[in-house]
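**Student:** Could you have a look at this structure, given as structure tokens, before my questions?
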Amino acid sequence: MNKPSRQKGFTLVEVVVVVAITAVIMTFSFQSFSVASRSATASADVMARVNELDRTWQVLGQDLRNILNPVNASNDPNVAGGLLRPVRGASVYDNISAEQLVLQFTRANWLNPMNRPRSDLQQVIYRIKDGILWRDYRPERNLAIADWQFTEDMIQQKMLTGITKLELRFLSEQRAQQQDQGVLEGDDYARDWDESWPASGQSQLDTSTPLAVLITIELEDGLMSERLYDLAH
């Protein structure tokens with residue numbers, strides 16, 4: 001008489017052990033995936049901010065390289081303040097939520113690939129409101145400056161968000177002559193440069209522009225960046 005064959009299998013203890021080991025492996029795998037996912041998201045956010053900042057520097061550079069000197073129009077009664085194409089600028093340290101002027105000027109060489117019937121001169125305003133840097137622009141028009149400052153008919157371009165401080169330092173020709181060869185020496189070379197333009201003591205009808213401007217931007221996520229632009233023509 002044949003003996004019945006014994007079937008081989010897993011005991012309950014073995015099954016429980018396998019399930020426990022699988023659960024541990026899955027837990028560690030999920031945690032690793034979660035960490036990797038958060039790291040990838042954080043890296044993408046940082047790169048987006050860096051790209052946003054880099055784009056802002058590029059546009060500022062294009063504008064400032066083509067800045068025009070103001071024109072004395074004190075004999076024209078239709079020009080408020082007696083100055084056409086004024087150049088103005090000021091640092092913003094606090095009250096970042098209020099609307100504040102940062103830079104104002106007229107630039108040349110505005111590209112026109114579609115050959116539209118417009119001037120190649122562009123009126124530009126950089127301003128801060130609610131921690132956001134805006135660039136407002138439009139073709140130059142024969143209007144007094146008070147008629148187009150912060151006006152709604154300008155095209156409004158959002159440049160950079162989350163700004164906590166924006167500092168400008170302007171190098172005047174007088175300051176450059178005083179400092180001579182040492183004008184760019186040392187880590188804090190712009191310490192004595194003017195924080196606003198027109199510089200202190202300048203006439204409101206002065207038609208000069210800064211020789212250079214150092215712009216420093218601090219962001220709420222801890223990023224800080226600065227650029228030095230040569231404006232000498």
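Ligands are numbered from 1 in the order shown, residues from 1 within each chain, and chains are lettered A, B, ... in the order they appear in the structure tokens.
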Going by DSSP on the backbone, which residues of stretch 2-224 of chain A come out as alpha helix (DSSP H)? List them as a VMD selection string.
**Tutor:** chain A and resid 12 to 65 173 to 179
**Student:** To test your reading of the structure, identify every residue in stretch 109-179 of chain A that backbone DSSP assigns to strand (DSSP E or B), and report it as number ranges by chain.
**Tutor:** A: 122-129, 132-139, 155-160, 163-171
**Student:** Please, could you write that set of residues out with C-alpha atoms as a compact mmCIF listing (two decimals), in the first residue's frame?
**Tutor:**
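That gives us again36.txt:
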# COMPACT_ATOMS: atom_id res chain seq x y z
CA GLN A 122 10.90 103.41 -25.65
CA GLN A 123 9.83 105.05 -22.41
CA VAL A 124 10.56 102.67 -19.53
CA ILE A 125 9.63 102.61 -15.85
CA TYR A 126 10.71 100.01 -13.32
CA ARG A 127 8.60 100.04 -10.16
CA ILE A 128 7.94 97.86 -7.14
CA LYS A 129 4.53 97.07 -5.71
CA ILE A 132 6.96 92.56 -7.31
CA LEU A 133 9.22 94.31 -9.80
CA TRP A 134 7.28 95.59 -12.80
CA ARG A 135 8.58 96.96 -16.09
CA ASP A 136 6.18 99.41 -17.75
CA TYR A 137 6.96 100.59 -21.26
CA ARG A 138 5.58 102.16 -24.41
CA PRO A 139 6.84 104.04 -27.49
CA ILE A 155 2.34 97.82 -21.23
CA GLN A 156 2.96 96.24 -17.83
CA GLN A 157 5.47 93.39 -17.68
CA LYS A 158 5.95 91.39 -14.47
CA MET A 159 9.66 90.79 -13.97
CA LEU A 160 10.45 89.42 -10.51
CA ILE A 163 11.60 91.10 -3.46
CA THR A 164 12.49 92.32 0.05
CA LYS A 165 15.09 94.96 -0.89
CA LEU A 166 16.35 96.58 -4.08
CA GLU A 167 19.39 98.82 -3.76
CA LEU A 168 20.78 101.12 -6.44
CA ARG A 169 24.19 102.78 -6.38
CA PHE A 170 24.97 105.36 -9.08
CA LEU A 171 28.47 106.43 -10.10
**Student:** A:Asn66: which residues within 6 Å, counting only C-alpha atoms, same-chain residues fewer than 2 positions away excluded, as a compact mmCIF listing (two decimals) with C-alpha atoms, in the first residue's frame?
**Tutor:**
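Wrote it out as part25.txt, contents follow:
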# COMPACT_ATOMS: atom_id res chain seq x y z
CA ASP A 63 17.60 98.62 -21.33
CA LEU A 64 20.53 100.27 -19.57
CA ARG A 107 15.99 103.98 -24.29
CA ALA A 108 16.88 103.61 -27.97
**Student:** Residues within 9 Å of stretch 205-217 of chain A, please, as a VMD selection string. Count only C-alpha atoms; anything in the same chain fewer than 2 positions from it doesn't count.
**Tutor:** chain A and resid 67 to 74 81 to 83 86 to 87 91 163 to 173 176 190 193 197 to 199 202 to 203 219 223 to 233
**Student:** Using only C-alpha atoms, which of the listed residues (A:Glu140, A:Gly182, A:Leu101, A:Thr56) sits closest to A:Asp120?
**Tutor:**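 Looking only at the distances to A:Asp120, the closest residue turns out to be A:Glu140.
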**Student:** Find, counting only C-alpha atoms, the residue in A:Gln204, A:Gln174, A:Ser196, A:Asn112 that gets nearest to A:Ala90.
**Tutor:** A:Ser196
**Student:** Would you compute the distance between atom CA of A:Tyr189 and atom CA of A:Arg175? Give it in Å to one decimal.
**Tutor:**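 Result for atom CA of A:Tyr189 versus atom CA of A:Arg175: 11.7 Å, one decimal.
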